[in-house]
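Source file: work-v3.cif. Holds: mmCIF, C-alpha atoms.
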data_data
#
loop_
_atom_site.label_atom_id
_atom_site.label_comp_id
_atom_site.auth_asym_id
_atom_site.auth_seq_id
_atom_site.Cartn_x
_atom_site.Cartn_y
_atom_site.Cartn_z
CA MET K 11 123.03 175.36 -19.77
CA SER K 12 122.50 173.98 -23.23
CA ILE K 13 125.41 171.58 -22.70
CA TRP K 14 123.58 170.04 -19.73
CA VAL K 15 120.45 169.57 -21.78
CA ASN K 16 122.53 167.74 -24.40
CA VAL K 17 124.24 165.61 -21.72
CA ILE K 18 120.92 164.75 -20.06
CA THR K 19 119.33 163.96 -23.41
CA ALA K 20 122.27 161.73 -24.40
CA ALA K 21 122.34 160.04 -21.00
CA SER K 22 118.59 159.43 -21.11
CA GLY K 23 118.96 157.85 -24.52
CA LEU K 24 121.75 155.57 -23.29
CA VAL K 25 119.79 154.59 -20.16
CA GLY K 26 116.72 153.89 -22.29
CA ALA K 27 118.77 151.74 -24.67
CA GLY K 28 120.30 149.88 -21.72
CA VAL K 29 116.89 149.23 -20.20
CA GLY K 30 115.55 148.09 -23.57
CA ILE K 31 118.44 145.70 -24.15
CA THR K 32 118.17 144.33 -20.62
CA GLY K 33 114.43 143.84 -21.02
CA THR K 34 114.93 142.05 -24.33
CA LEU K 35 117.59 139.74 -22.89
CA LEU K 36 115.48 138.93 -19.84
CA SER K 37 112.45 138.33 -22.03
CA GLU K 38 114.39 135.92 -24.26
CA ARG K 39 115.76 134.09 -21.24
CA TRP K 40 112.25 133.78 -19.76
CA ARG K 41 110.90 132.47 -23.08
CA ALA K 42 113.69 129.88 -23.29
CA ARG K 43 112.93 128.67 -19.74
CA GLU K 44 109.22 128.54 -20.51
CA SER K 45 109.87 126.61 -23.71
CA ALA K 46 112.12 124.11 -21.92
CA GLU K 47 109.49 123.62 -19.23
CA GLN K 48 106.80 123.03 -21.85
CA GLU K 49 109.03 120.46 -23.57
CA ARG K 50 109.64 118.65 -20.26
CA THR K 51 105.91 118.63 -19.52
CA ALA K 52 105.07 117.35 -23.00
CA ALA K 53 107.68 114.59 -22.71
CA ALA K 54 106.35 113.59 -19.26
CA ARG K 55 102.79 113.46 -20.60
CA ALA K 56 103.84 111.40 -23.62
CA LEU K 57 105.68 108.91 -21.40
CA ARG K 58 102.69 108.78 -19.06
CA GLU K 59 100.41 107.95 -22.00
CA GLU K 60 102.78 105.21 -23.16
CA ARG K 61 102.89 103.77 -19.65
CA LYS K 62 99.12 104.01 -19.31
CA ASP K 63 98.66 102.17 -22.61
CA VAL K 64 100.89 99.26 -21.63
CA LEU K 65 99.33 99.05 -18.16
CA VAL K 66 95.81 98.98 -19.57
CA ARG K 67 96.83 96.23 -21.99
CA PHE K 68 98.53 94.34 -19.15
CA PHE K 69 95.47 94.45 -16.88
CA ALA K 70 93.19 93.42 -19.76
CA SER K 71 95.47 90.44 -20.34
CA VAL K 72 95.37 89.67 -16.61
CA ARG K 73 91.59 89.55 -16.79
CA GLU K 74 91.65 87.19 -19.80
CA LEU K 75 94.08 84.85 -18.11
CA GLU K 76 92.15 85.04 -14.85
CA ARG K 77 89.03 83.82 -16.68
CA ALA K 78 91.07 80.95 -18.13
CA ALA K 79 92.37 80.10 -14.66
CA GLU K 80 88.80 80.13 -13.32
CA ARG K 81 87.79 77.67 -16.03
CA ALA K 82 90.78 75.46 -15.19
CA HIS K 83 89.84 75.69 -11.51
CA ALA K 84 86.31 74.52 -12.42
CA GLY K 85 87.83 71.50 -14.19
CA GLN K 86 87.15 72.75 -17.71
CA GLU K 87 89.61 72.39 -20.55
CA VAL K 88 91.45 75.66 -21.10
CA ALA K 89 92.37 76.11 -24.76
CA GLY K 90 94.92 78.81 -25.51
CA ALA K 91 96.12 79.19 -21.92
CA ALA K 92 99.76 78.94 -23.02
CA GLU K 93 99.25 81.74 -25.54
CA LEU K 94 97.49 83.93 -22.95
CA THR K 95 100.27 83.25 -20.46
CA SER K 96 102.94 84.12 -23.03
CA ARG K 97 101.14 87.35 -23.92
CA LEU K 98 100.93 88.30 -20.25
CA TRP K 99 104.66 87.69 -19.75
CA LEU K 100 105.48 89.81 -22.83
CA LEU K 101 103.35 92.65 -21.49
CA HIS K 102 105.12 92.19 -18.16
CA VAL K 103 108.40 92.86 -19.97
CA GLU K 104 106.97 96.03 -21.57
CA VAL K 105 105.87 97.23 -18.13
CA TYR K 106 109.32 96.43 -16.77
CA LEU K 107 110.96 98.49 -19.53
CA LEU K 108 108.64 101.51 -19.30
CA CYS K 109 107.69 101.80 -15.65
CA GLY K 110 109.48 102.28 -12.38
CA GLU K 111 110.60 99.56 -10.02
CA PRO K 112 107.51 99.53 -7.74
CA VAL K 113 105.22 98.88 -10.72
CA ALA K 114 107.58 96.37 -12.32
CA ASP K 115 107.89 94.42 -9.05
CA ALA K 116 104.13 94.41 -8.40
CA VAL K 117 103.36 93.39 -11.98
CA HIS K 118 105.95 90.61 -11.78
CA ASP K 119 104.36 89.25 -8.60
CA LEU K 120 100.86 89.35 -10.14
CA THR K 121 102.10 87.67 -13.33
CA GLU K 122 103.77 84.87 -11.37
CA ARG K 123 100.72 84.26 -9.17
CA LEU K 124 98.33 84.23 -12.09
CA THR K 125 100.56 81.93 -14.15
CA GLU K 126 100.72 79.57 -11.20
CA ALA K 127 96.93 79.68 -10.84
CA VAL K 128 96.55 78.63 -14.48
CA ARG K 129 99.17 75.88 -14.40
CA GLU K 130 98.37 74.50 -10.96
CA PRO K 131 94.65 74.71 -10.12
CA THR K 132 93.98 74.22 -6.40
CA GLY K 133 90.94 74.29 -4.16
CA VAL K 134 91.49 78.01 -3.56
CA PRO K 135 89.51 80.29 -5.90
CA VAL K 136 91.63 82.15 -8.43
CA HIS K 137 90.40 85.54 -7.24
CA ALA K 138 91.54 84.76 -3.71
CA ARG K 139 94.96 83.65 -4.97
CA ILE K 140 95.66 86.83 -6.90
CA SER K 141 93.58 89.60 -5.26
CA ALA K 142 96.36 90.95 -3.02
CA ALA K 143 98.85 90.94 -5.90
CA ARG K 144 96.33 92.59 -8.23
CA ARG K 145 95.58 95.30 -5.66
CA ALA K 146 99.30 95.97 -5.16
CA ALA K 147 99.85 96.18 -8.92
CA LEU K 148 96.91 98.55 -9.40
CA GLU K 149 98.08 100.80 -6.57
CA ALA K 150 101.62 100.88 -7.97
CA ALA K 151 100.25 101.65 -11.44
CA HIS K 152 98.12 104.45 -10.03
CA GLY K 153 101.19 105.99 -8.41
CA GLU K 154 103.18 105.62 -11.62
CA LEU K 155 100.56 107.40 -13.70
CA ARG K 156 100.21 110.40 -11.39
CA LEU K 157 101.44 113.52 -13.14
CA PRO K 158 104.19 115.52 -11.44
CA GLY K 159 102.62 118.18 -9.27
CA SER K 160 99.20 116.51 -9.09
CA ALA K 161 97.55 115.80 -5.77
CA PRO K 162 98.01 112.26 -4.36
CA GLY K 163 94.30 111.43 -4.80
CA HIS K 164 94.20 112.88 -8.33
CA ARG K 165 94.09 110.25 -11.07
CA GLY K 166 95.89 112.46 -13.58
CA GLY K 167 93.16 112.77 -16.23
#
Let me see the structure of the file written as structure tokens.
Amino acid sequence: MSIWVNVITAASGLVGAGVGITGTLLSERWRARESAEQERTAAARALREERKDVLVRFFASVRELERAAERAHAGQEVAGAAELTSRLWLLHVEVYLLCGEPVADAVHDLTERLTEAVREPTGVPVHARISAARRAALEAAHGELRLPGSAPGHRGG
């Protein structure tokens, strides 16, 4: 009977070691997955912040150029309009490089309409000429900045 006690003791030790090794391997694998997921999330958040920054700068530039277009529409001399237009087109390129196609297309349309409003004043108010394009660009930007997994109405913090 003492041989069976030794066999059971030895077998229990081997089973315990096997369970311990398996637990350690599974734990390491889980940690690696968790770490990779955290890295992906951090990268997505960093890219979102970069996109948000360029979009905020773009829409601020839109507002500056819109004011210039309003002055031109009112018949006032618009000093620096060429510089404002150039800045807007450069920001348009940044948006194109950082953001997806829907945002890039909407921003391009808004940039073209606003540039036209500055260069060719008409009897139509500037706001009326660009409001649909601005709304489309803002909606596309909102969609672009939504974090993966966030609710559609959530603005992503």
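Distances to K:Arg61 were evaluated for K:Ala82, K:Ala138, K:Leu24, K:Leu107 using all atoms listed in the file, and the minimum falls at K:Leu107.
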Go through stretch 99-137 of chain K residue by residue and, counting only C-alpha atoms, keep those with an atom at most 12 Å from stretch 49-57 of chain K; for each kept residue give the shortest atom pair and its distance in Å to one decimal, ordered by chain and increasing number, as CSV.
residue,atom,partner,partner_atom,distance
K:Leu107,CA,K:Leu57,CA,11.8
K:Leu108,CA,K:Leu57,CA,8.2
K:Cys109,CA,K:Leu57,CA,9.4
K:Gly110,CA,K:Leu57,CA,11.8
Go ahead and write the residues just picked, C-alpha atoms, as a PDB file, in the frame of the given file.
ATOM      1  CA  LEU K 107     110.960  98.490 -19.530  1.00  0.00           C
ATOM      2  CA  LEU K 108     108.640 101.510 -19.300  1.00  0.00           C
ATOM      3  CA  CYS K 109     107.690 101.800 -15.650  1.00  0.00           C
ATOM      4  CA  GLY K 110     109.480 102.280 -12.380  1.00  0.00           C
TER       5      GLY K 110
END
- Message: Considering all atoms listed in the file, can you say which of K:Val72, K:Arg144, K:His83, K:Val113 comes closest to K:Glu130?
- Response: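 So, comparing all the options, the nearest one is K:His83.
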- Within 10 Å of K:Ala92, counting all atoms listed in the file, which residues show up once you throw out same-chain ones fewer than 4 positions away? Write them as a list of chain:residue names, please.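 Residues meeting the cut-off are K:Leu75, K:Val88, K:Ser96, K:Arg97, K:Leu98, K:Thr125, K:Val128, K:Arg129.
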- Item | Selected residue, from K:Arg145, K:His152, K:Arg73, K:Arg67, that lies nearest to K:Val105 when counting all atoms listed in the file |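 Looking at the shortest contact to K:Val105, the residue is K:Arg67.
For the atom pair formed by atom CA of K:Ala84 and atom CA of K:Glu126, the distance is 15.3 Å, given to one decimal.
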- Query: Looking at only C-alpha atoms, which of K:Arg81, K:His102, K:His137, K:His118 is the one that sits closest to K:Val64?
  - Reply: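 Among the listed residues, K:His102 lies closest to K:Val64.
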- Task: Find the distance between atom CA of K:Thr121 and atom CA of K:Leu65 and write it in Å to one decimal.
- Result: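 Atom CA of K:Leu65 lies 12.7 Å from atom CA of K:Thr121.
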- Message: Please report the interatomic distance between atom CA of K:Leu148 and atom CA of K:Glu87 in Å with one decimal.
- Response: 29.4 Å
- Non-local contacts of K:Ala146 (9 Å; only C-alpha atoms; under 3 positions in same chain excluded) as a list in words: Val113, Ala116, Val117, Leu120, Ser141, Ala142, Ala143, Glu149, Ala150 and Ala151 of chain K
- Which of K:Glu80, K:Ala46, K:Thr19, K:Ala27 sits closest to K:Pro135 [using all atoms listed in the file]: K:Glu80
- Message: Under the rule that only C-alpha atoms are counted, which of K:Arg39, K:Ala91, K:Ala79, K:Ile13 is the nearest residue to K:Val134?
- Response: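 When distances to K:Val134 are compared using only C-alpha atoms, the smallest one comes from K:Ala79.
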